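**Student:** Enclosed is the structure file target-v8.csv (CSV, C-alpha atoms).
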```csv
chain,number,residue,atom,x,y,z
F,14,GLU,CA,12.1,38.4,49.4
F,15,ARG,CA,11.3,41.4,51.6
F,16,SER,CA,13.5,42.2,54.6
F,17,SER,CA,11.9,42.2,57.9
F,18,PRO,CA,11.6,45.6,59.7
F,19,SER,CA,14.2,44.5,62.3
F,20,MET,CA,16.7,43.7,59.5
F,21,ARG,CA,16.1,47.1,57.9
F,22,ALA,CA,16.7,48.8,61.2
F,23,ILE,CA,20.0,46.9,61.7
F,24,HIS,CA,21.2,47.9,58.2
F,25,THR,CA,20.3,51.6,58.8
F,26,ALA,CA,22.1,51.6,62.1
F,27,SER,CA,25.2,50.0,60.5
F,28,ALA,CA,25.3,52.6,57.8
F,29,ALA,CA,25.0,55.4,60.3
F,30,LEU,CA,27.8,53.9,62.4
F,31,ALA,CA,30.0,53.6,59.4
F,32,LEU,CA,29.4,57.3,58.5
F,33,CYS,CA,30.3,58.3,62.0
F,34,LEU,CA,33.5,56.3,62.0
F,35,VAL,CA,34.5,58.0,58.7
F,36,ALA,CA,33.8,61.4,60.0
F,37,LEU,CA,35.7,60.7,63.2
F,38,ALA,CA,38.7,59.5,61.3
F,39,GLY,CA,38.7,62.6,59.1
F,40,TRP,CA,38.5,64.9,62.2
F,41,HIS,CA,41.4,63.0,63.8
F,42,LEU,CA,43.6,63.4,60.8
F,43,GLN,CA,42.8,67.1,60.5
F,44,ASN,CA,43.4,67.7,64.2
F,45,ARG,CA,46.8,65.8,64.0
F,46,ASP,CA,47.9,67.9,61.1
F,47,THR,CA,46.9,71.1,63.0
F,48,HIS,CA,48.8,69.9,66.1
F,49,PHE,CA,51.9,69.1,64.0
F,50,GLU,CA,51.7,72.5,62.3
F,51,LEU,CA,51.5,74.3,65.7
F,52,PHE,CA,54.3,72.2,67.1
F,53,SER,CA,56.5,73.0,64.1
F,54,LYS,CA,55.8,76.7,64.4
F,55,SER,CA,56.6,76.7,68.1
F,56,ALA,CA,59.8,74.7,67.6
F,57,ALA,CA,60.9,77.1,64.8
F,58,ALA,CA,60.3,80.1,67.1
F,59,VAL,CA,62.4,78.6,69.9
F,60,ALA,CA,65.3,77.4,67.8
F,61,PRO,CA,66.7,80.8,66.8
F,62,GLN,CA,66.8,81.8,70.5
F,63,GLN,CA,68.7,78.7,71.5
F,64,THR,CA,71.1,79.1,68.6
F,65,THR,CA,71.9,82.7,69.5
F,66,GLU,CA,72.5,81.9,73.2
F,67,LEU,CA,74.7,78.9,72.5
F,68,SER,CA,76.4,80.0,69.3
F,69,TRP,CA,79.6,81.2,71.0
F,70,LEU,CA,80.2,77.5,72.0
F,71,GLN,CA,79.1,76.2,68.6
F,72,THR,CA,81.5,78.1,66.4
F,73,SER,CA,84.3,76.5,64.4
F,74,SER,CA,86.8,74.7,66.5
F,75,PHE,CA,89.1,76.8,68.7
F,76,VAL,CA,92.9,76.9,68.0
F,77,ASP,CA,94.6,73.7,69.0
F,78,GLN,CA,98.0,75.2,69.9
F,79,ILE,CA,99.2,78.5,71.3
F,80,TYR,CA,102.6,79.9,72.2
F,81,MET,CA,102.7,82.2,75.2
F,82,TYR,CA,105.6,84.3,76.5
F,83,ALA,CA,106.4,83.5,80.1
F,84,GLY,CA,109.8,85.2,80.7
F,85,LEU,CA,111.1,87.9,82.9
F,86,ALA,CA,109.0,90.7,81.5
F,87,VAL,CA,105.8,89.1,82.9
F,88,ASP,CA,104.5,88.1,86.3
F,89,ASN,CA,105.2,84.4,86.0
F,90,LYS,CA,104.1,83.4,89.5
F,91,HIS,CA,100.6,84.6,89.2
F,92,GLU,CA,99.2,85.7,85.8
F,93,THR,CA,100.9,83.4,83.4
F,94,GLY,CA,99.5,80.2,84.9
F,95,PHE,CA,96.1,81.8,85.4
F,96,ILE,CA,95.9,83.1,81.8
F,97,ALA,CA,96.9,79.7,80.4
F,98,LYS,CA,94.1,78.1,82.5
F,99,GLU,CA,91.6,80.6,81.2
F,100,ILE,CA,92.7,80.0,77.6
F,101,ARG,CA,91.9,76.3,78.0
F,102,LYS,CA,88.6,77.0,79.7
F,103,HIS,CA,85.9,75.2,77.5
F,104,ASN,CA,88.9,74.4,75.1
F,105,TYR,CA,90.6,71.6,77.0
F,106,GLN,CA,92.1,70.2,73.8
F,107,THR,CA,94.2,73.4,73.3
F,108,VAL,CA,97.9,73.1,74.2
F,109,VAL,CA,99.5,76.3,75.6
F,110,ARG,CA,103.3,76.2,75.0
F,111,LEU,CA,105.3,78.5,77.1
F,112,PHE,CA,108.7,80.1,76.2
F,113,THR,CA,110.8,82.2,78.5
F,114,SER,CA,113.7,83.5,76.5
F,115,LEU,CA,113.7,86.3,74.0
F,116,ASP,CA,117.0,85.6,72.4
F,117,ASP,CA,116.9,85.5,68.6
F,118,ALA,CA,117.2,81.8,68.3
F,119,THR,CA,114.3,81.1,70.6
F,120,VAL,CA,112.0,83.7,69.1
F,121,ARG,CA,112.7,82.4,65.6
F,122,ALA,CA,112.1,78.8,66.7
F,123,VAL,CA,108.7,79.8,68.1
F,124,LEU,CA,107.7,82.0,65.1
F,125,TRP,CA,108.8,79.4,62.5
F,126,ASP,CA,106.8,76.6,64.0
F,127,GLN,CA,104.4,75.9,61.2
F,128,SER,CA,101.9,74.0,63.5
F,129,VAL,CA,101.1,77.1,65.7
F,130,HIS,CA,99.4,80.2,64.4
F,131,CYS,CA,98.8,82.2,67.5
F,132,LEU,CA,101.2,84.0,69.9
F,133,VAL,CA,100.0,85.5,73.2
F,134,TRP,CA,101.8,88.2,75.1
F,135,PRO,CA,100.5,88.3,78.7
F,136,PRO,CA,100.4,91.6,80.6
F,137,LEU,CA,104.0,92.9,80.7
F,138,VAL,CA,105.4,94.2,84.0
F,139,ARG,CA,108.5,95.6,82.2
F,140,TYR,CA,109.5,96.3,78.6
F,141,PRO,CA,110.8,93.1,77.0
F,142,GLY,CA,114.3,93.0,75.9
F,143,ILE,CA,114.0,92.0,72.3
F,144,SER,CA,116.3,92.6,69.4
F,145,GLU,CA,115.6,94.3,66.1
F,146,THR,CA,116.0,91.0,64.4
F,147,ALA,CA,113.3,89.4,66.6
F,148,LYS,CA,111.0,92.4,66.0
F,149,THR,CA,111.4,91.8,62.2
F,150,ASP,CA,110.6,88.1,62.7
F,151,LEU,CA,107.5,89.1,64.7
F,152,ARG,CA,106.3,91.4,62.0
F,153,ALA,CA,106.9,88.6,59.4
F,154,TYR,CA,105.0,86.1,61.6
F,155,ALA,CA,101.9,88.3,61.7
F,156,ALA,CA,102.1,89.3,58.0
F,157,ALA,CA,102.2,85.6,57.0
F,158,GLY,CA,98.7,85.0,58.3
F,159,ASN,CA,99.2,84.4,61.9
F,160,ASN,CA,97.6,86.1,65.0
F,161,VAL,CA,99.5,88.0,67.7
F,162,VAL,CA,97.5,88.8,70.8
F,163,PHE,CA,98.6,91.4,73.4
F,164,LEU,CA,97.0,91.6,76.8
F,165,GLY,CA,97.0,94.1,79.5
F,166,ASN,CA,98.5,97.4,79.9
F,167,TYR,CA,100.4,100.4,78.5
F,168,VAL,CA,103.7,98.6,78.3
F,169,ALA,CA,102.1,96.3,75.8
F,170,VAL,CA,100.8,99.4,73.9
F,171,GLN,CA,104.3,100.8,73.7
F,172,PHE,CA,105.7,97.4,72.6
F,173,MET,CA,103.1,97.2,69.9
F,174,ASN,CA,104.0,100.7,68.7
F,175,ASP,CA,107.7,99.8,68.5
F,176,VAL,CA,107.3,96.4,66.8
F,177,PHE,CA,104.5,97.2,64.3
F,178,GLY,CA,105.0,100.9,63.8
F,179,PHE,CA,101.6,101.8,65.2
F,180,GLN,CA,100.9,105.2,66.9
F,181,LEU,CA,98.5,104.0,69.5
F,182,THR,CA,97.7,106.5,72.3
F,183,ASP,CA,96.6,105.3,75.7
F,184,ASP,CA,93.4,106.4,77.3
F,185,TYR,CA,91.3,105.6,80.3
F,186,GLN,CA,87.5,105.4,80.5
F,187,ASN,CA,85.4,103.7,83.1
F,188,GLY,CA,83.3,100.8,81.9
F,189,PRO,CA,81.1,99.2,81.0
F,190,TYR,CA,82.3,98.6,77.5
F,191,TYR,CA,80.0,98.0,74.6
F,192,ARG,CA,80.3,95.6,71.7
F,193,ASN,CA,80.8,97.6,68.4
F,194,ASP,CA,78.2,95.9,66.3
F,195,ARG,CA,79.4,97.5,63.1
F,196,ASN,CA,82.9,96.0,63.5
F,197,VAL,CA,82.3,92.6,65.1
F,198,ARG,CA,80.4,91.2,62.2
F,199,ASN,CA,81.8,87.9,60.9
F,200,THR,CA,84.4,87.8,63.7
F,201,PRO,CA,84.4,85.8,67.0
F,202,PHE,CA,83.6,89.0,68.8
F,203,GLN,CA,80.1,89.0,67.4
F,204,TYR,CA,79.1,86.3,70.0
F,205,LEU,CA,80.1,88.4,73.0
F,206,PRO,CA,77.4,90.0,75.2
F,207,SER,CA,76.5,93.5,74.0
F,208,ARG,CA,77.9,94.9,77.3
F,209,ILE,CA,81.1,93.9,79.1
F,210,GLU,CA,81.4,95.1,82.7
F,211,GLN,CA,84.6,96.7,84.1
F,212,ALA,CA,86.2,94.0,86.2
F,213,SER,CA,88.8,96.2,88.0
F,214,ILE,CA,90.5,99.6,87.7
F,215,GLU,CA,93.3,97.8,85.8
F,216,THR,CA,91.7,98.2,82.4
F,217,TYR,CA,93.8,99.9,79.8
F,218,ALA,CA,92.1,101.5,76.8
F,219,VAL,CA,93.4,103.1,73.7
F,220,LYS,CA,92.0,106.1,71.9
F,221,THR,CA,89.9,104.7,69.0
F,222,ARG,CA,91.1,107.5,66.7
F,223,SER,CA,94.7,106.4,67.1
F,224,LEU,CA,94.1,102.9,65.6
F,225,PRO,CA,96.1,102.4,62.4
F,226,PRO,CA,94.5,101.7,59.0
F,227,GLY,CA,92.9,98.3,59.1
F,228,GLY,CA,92.2,98.6,62.9
F,229,LYS,CA,88.7,98.0,64.2
F,230,SER,CA,87.5,98.5,67.7
F,231,MET,CA,85.5,95.6,69.0
F,232,LEU,CA,84.7,96.9,72.5
F,233,ASP,CA,84.6,100.6,73.4
F,234,THR,CA,83.1,103.4,75.2
F,235,LEU,CA,83.3,107.2,74.8
F,236,GLY,CA,86.0,107.1,72.1
F,237,ALA,CA,88.2,104.6,74.0
F,238,THR,CA,88.6,101.0,72.8
F,239,ILE,CA,89.4,98.2,75.2
F,240,ALA,CA,89.6,95.5,72.6
F,241,PHE,CA,90.6,95.9,69.0
F,242,ALA,CA,92.0,94.0,66.0
F,243,VAL,CA,94.3,95.3,63.3
F,244,ARG,CA,94.6,93.6,60.0
F,245,TYR,CA,98.4,93.2,59.3
F,246,ASP,CA,98.9,92.0,55.8
F,247,MET,CA,97.5,88.5,55.8
F,248,GLY,CA,97.5,88.2,59.6
F,249,THR,CA,96.1,90.0,62.7
F,250,VAL,CA,97.4,91.9,65.7
F,251,CYS,CA,94.9,92.0,68.6
F,252,TYR,CA,94.8,93.8,71.9
F,253,VAL,CA,92.7,93.2,75.0
F,254,GLY,CA,93.3,96.0,77.6
F,255,TYR,CA,92.7,93.9,80.7
F,256,ASN,CA,95.2,92.6,83.3
F,257,TYR,CA,93.3,89.3,84.2
F,258,ASN,CA,94.2,89.7,87.9
F,259,THR,CA,90.7,89.5,89.5
F,260,PRO,CA,87.9,87.0,89.5
F,261,PHE,CA,85.2,89.6,89.1
F,262,HIS,CA,83.3,89.2,85.8
F,263,ALA,CA,86.0,86.7,84.9
F,264,ASP,CA,83.7,84.7,82.5
F,265,GLN,CA,83.0,87.8,80.4
F,266,TRP,CA,86.7,88.7,80.0
F,267,THR,CA,87.6,85.1,79.3
F,268,ARG,CA,85.3,85.1,76.4
F,269,VAL,CA,86.9,88.4,75.2
F,270,LEU,CA,90.3,86.6,75.4
F,271,HIS,CA,89.0,83.6,73.5
F,272,SER,CA,87.6,85.9,70.8
F,273,ALA,CA,90.9,87.7,70.3
F,274,ILE,CA,92.8,84.4,70.1
F,275,ASP,CA,90.3,83.0,67.6
F,276,MET,CA,90.6,85.9,65.2
```
Go ahead and express the file in the form of structure tokens.

**Tutor:**
Amino acid sequence: ERSSPSMRAIHTASAALALCLVALAGWHLQNRDTHFELFSKSAAAVAPQQTTELSWLQTSSFVDQIYMYAGLAVDNKHETGFIAKEIRKHNYQTVVRLFTSLDDATVRAVLWDQSVHCLVWPPLVRYPGISETAKTDLRAYAAAGNNVVFLGNYVAVQFMNDVFGFQLTDDYQNGPYYRNDRNVRNTPFQYLPSRIEQASIETYAVKTRSLPPGGKSMLDTLGATIAFAVRYDMGTVCYVGYNYNTPFHADQWTRVLHSAIDM
């Protein structure tokens, strides 16, 4: 039985419509894949930038406990409280334990506390009265794998020389100070800005060439280092030559402090 002309026309139109639908579906799938590929590439391009910018907040957890000296050799009324607050900035879980006496029993109790692995000395206003026994304990504390951080000024530099046998020589160079990319690799200092501004005239640098073996400058300019770390047996001795007595560029210098503590 022959189909009528109208039926043949309907069949032809149906076949053409089906072909159009198949072609449209194929175009849609291809376009979706292309869109997904472009989105993936753009996301991959953005991700490293975000990681770099936020990496200093995404590193391994900050130390949970710190001992800090707050006795007669420092300015208790002003700097001690401010520095403790800056240590806990972005690290509110960190407990800062203060000690005020430097007698042998107190120093030994602090250094033998197995739960605390970082000791901070704020900027000293006078040379601390500490015995040879306490100095020996301090060296043993660092050598056992702990971190001792000194802040501030040339009294601290002299104290470090006397305790650890260094021969550090003080220096002064105007900032800014630059991250030493050769030395900061695989340390918390690598996440600092490439340039740290001078916050005040009370920055206290050390001649880079006077660093002991195992010492590495992290921030420096013109042969003067404002922040360095010294490998001391299994531990570390760090120095940040800033007095923390002004709010100017405070965020930058707080990050330097965090980097030293986190060594």

**Student:** Could you name the residues that touch stretch 93-95 of chain F at 9 Å or less, counting all atoms listed in the file, but leaving out those on the same chain fewer than 6 positions away, as a PDB file with C-alpha atoms, in the coordinates of the input?

**Tutor:**
```
ATOM      1  CA  MET F  81     102.700  82.200  75.200  1.00  0.00           C
ATOM      2  CA  TYR F  82     105.600  84.300  76.500  1.00  0.00           C
ATOM      3  CA  ALA F  83     106.400  83.500  80.100  1.00  0.00           C
ATOM      4  CA  VAL F  87     105.800  89.100  82.900  1.00  0.00           C
ATOM      5  CA  PRO F 135     100.500  88.300  78.700  1.00  0.00           C
ATOM      6  CA  PRO F 136     100.400  91.600  80.600  1.00  0.00           C
ATOM      7  CA  TYR F 257      93.300  89.300  84.200  1.00  0.00           C
ATOM      8  CA  ASN F 258      94.200  89.700  87.900  1.00  0.00           C
TER       9      ASN F 258
END
```

**Student:** So how many Å separate atom CA of F:Leu235 and atom CA of F:Pro206, to one decimal?

**Tutor:**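 Between these atoms lies a distance of 18.2 Å.
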
**Student:** Do you know which residues are at most 9 Å from stretch 269-271 of chain F counting all atoms listed in the file, after dropping those on the same chain fewer than 5 positions away, and could you put them as a VMD selection string?

**Tutor:** chain F and resid 75 99 to 100 162 164 201 to 202 205 209 240 253 264 276

**Student:** Counting only C-alpha atoms, which residue out of F:Ser272, F:Asn256, F:Gln203, F:Thr249 sits closest to F:Leu137?

**Tutor:**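 Ranked by minimum distance to F:Leu137, first place goes to F:Asn256.
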
**Student:** Go through F:Ala212, F:Val197, F:Ile79, F:Leu85 and flag the residue nearest F:Val123, using all atoms listed in the file for the distances.

**Tutor:**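 Closest to F:Val123, using all atoms listed in the file: F:Ile79.
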
**Student:** Let me make sure I understand: among F:Val219, F:Leu111, F:Ile214, F:Ile274, which one has the smallest atom-to-atom distance to F:Gly188 if we use only C-alpha atoms?

**Tutor:**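 For F:Gly188, the nearest of the candidates is F:Ile214.
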
**Student:** Could you give me stretch 121-141 of chain F completed to N, CA and C atoms, formatted as a PDB file, keeping the file's coordinate frame?

**Tutor:**
```pdb
ATOM      1  N   ARG F 121     112.888  82.905  67.002  1.00  0.00           N
ATOM      2  CA  ARG F 121     112.700  82.400  65.600  1.00  0.00           C
ATOM      3  C   ARG F 121     112.185  80.966  65.644  1.00  0.00           C
ATOM      4  N   ALA F 122     112.611  80.149  66.595  1.00  0.00           N
ATOM      5  CA  ALA F 122     112.100  78.800  66.700  1.00  0.00           C
ATOM      6  C   ALA F 122     110.584  78.787  66.956  1.00  0.00           C
ATOM      7  N   VAL F 123     110.137  79.720  67.804  1.00  0.00           N
ATOM      8  CA  VAL F 123     108.700  79.800  68.100  1.00  0.00           C
ATOM      9  C   VAL F 123     107.937  80.303  66.876  1.00  0.00           C
ATOM     10  N   LEU F 124     108.437  81.344  66.236  1.00  0.00           N
ATOM     11  CA  LEU F 124     107.700  82.000  65.100  1.00  0.00           C
ATOM     12  C   LEU F 124     107.725  81.120  63.866  1.00  0.00           C
ATOM     13  N   TRP F 125     108.706  80.269  63.731  1.00  0.00           N
ATOM     14  CA  TRP F 125     108.800  79.400  62.500  1.00  0.00           C
ATOM     15  C   TRP F 125     108.136  78.084  62.694  1.00  0.00           C
ATOM     16  N   ASP F 126     107.515  77.855  63.825  1.00  0.00           N
ATOM     17  CA  ASP F 126     106.800  76.600  64.000  1.00  0.00           C
ATOM     18  C   ASP F 126     105.516  76.615  63.214  1.00  0.00           C
ATOM     19  N   GLN F 127     105.475  75.830  62.163  1.00  0.00           N
ATOM     20  CA  GLN F 127     104.400  75.900  61.200  1.00  0.00           C
ATOM     21  C   GLN F 127     103.049  75.313  61.804  1.00  0.00           C
ATOM     22  N   SER F 128     103.130  74.647  62.955  1.00  0.00           N
ATOM     23  CA  SER F 128     101.900  74.000  63.500  1.00  0.00           C
ATOM     24  C   SER F 128     101.176  74.984  64.473  1.00  0.00           C
ATOM     25  N   VAL F 129     101.762  76.143  64.786  1.00  0.00           N
ATOM     26  CA  VAL F 129     101.100  77.100  65.700  1.00  0.00           C
ATOM     27  C   VAL F 129     100.959  78.420  65.065  1.00  0.00           C
ATOM     28  N   HIS F 130      99.731  78.929  65.131  1.00  0.00           N
ATOM     29  CA  HIS F 130      99.400  80.200  64.400  1.00  0.00           C
ATOM     30  C   HIS F 130      98.911  81.281  65.298  1.00  0.00           C
ATOM     31  N   CYS F 131      99.161  81.159  66.591  1.00  0.00           N
ATOM     32  CA  CYS F 131      98.800  82.200  67.500  1.00  0.00           C
ATOM     33  C   CYS F 131      99.821  82.383  68.595  1.00  0.00           C
ATOM     34  N   LEU F 132     100.201  83.630  68.846  1.00  0.00           N
ATOM     35  CA  LEU F 132     101.200  84.000  69.900  1.00  0.00           C
ATOM     36  C   LEU F 132     100.559  84.960  70.839  1.00  0.00           C
ATOM     37  N   VAL F 133     100.599  84.648  72.131  1.00  0.00           N
ATOM     38  CA  VAL F 133     100.000  85.500  73.200  1.00  0.00           C
ATOM     39  C   VAL F 133     101.072  86.123  74.022  1.00  0.00           C
ATOM     40  N   TRP F 134     100.968  87.441  74.210  1.00  0.00           N
ATOM     41  CA  TRP F 134     101.800  88.200  75.100  1.00  0.00           C
ATOM     42  C   TRP F 134     100.974  88.544  76.353  1.00  0.00           C
ATOM     43  N   PRO F 135     101.223  87.947  77.520  1.00  0.00           N
ATOM     44  CA  PRO F 135     100.500  88.300  78.700  1.00  0.00           C
ATOM     45  C   PRO F 135     100.783  89.747  79.140  1.00  0.00           C
ATOM     46  N   PRO F 136     100.081  90.281  80.133  1.00  0.00           N
ATOM     47  CA  PRO F 136     100.400  91.600  80.600  1.00  0.00           C
ATOM     48  C   PRO F 136     101.862  91.741  81.023  1.00  0.00           C
ATOM     49  N   LEU F 137     102.526  92.743  80.503  1.00  0.00           N
ATOM     50  CA  LEU F 137     104.000  92.900  80.700  1.00  0.00           C
ATOM     51  C   LEU F 137     104.178  93.810  81.969  1.00  0.00           C
ATOM     52  N   VAL F 138     105.094  93.401  82.840  1.00  0.00           N
ATOM     53  CA  VAL F 138     105.400  94.200  84.000  1.00  0.00           C
ATOM     54  C   VAL F 138     106.649  95.098  83.713  1.00  0.00           C
ATOM     55  N   ARG F 139     107.359  94.796  82.646  1.00  0.00           N
ATOM     56  CA  ARG F 139     108.500  95.600  82.200  1.00  0.00           C
ATOM     57  C   ARG F 139     108.637  95.439  80.692  1.00  0.00           C
ATOM     58  N   TYR F 140     109.308  96.386  80.074  1.00  0.00           N
ATOM     59  CA  TYR F 140     109.500  96.300  78.600  1.00  0.00           C
ATOM     60  C   TYR F 140     110.386  95.127  78.283  1.00  0.00           C
ATOM     61  N   PRO F 141     109.952  94.271  77.356  1.00  0.00           N
ATOM     62  CA  PRO F 141     110.800  93.100  77.000  1.00  0.00           C
ATOM     63  C   PRO F 141     112.011  93.429  76.249  1.00  0.00           C
TER      64      PRO F 141
END
```
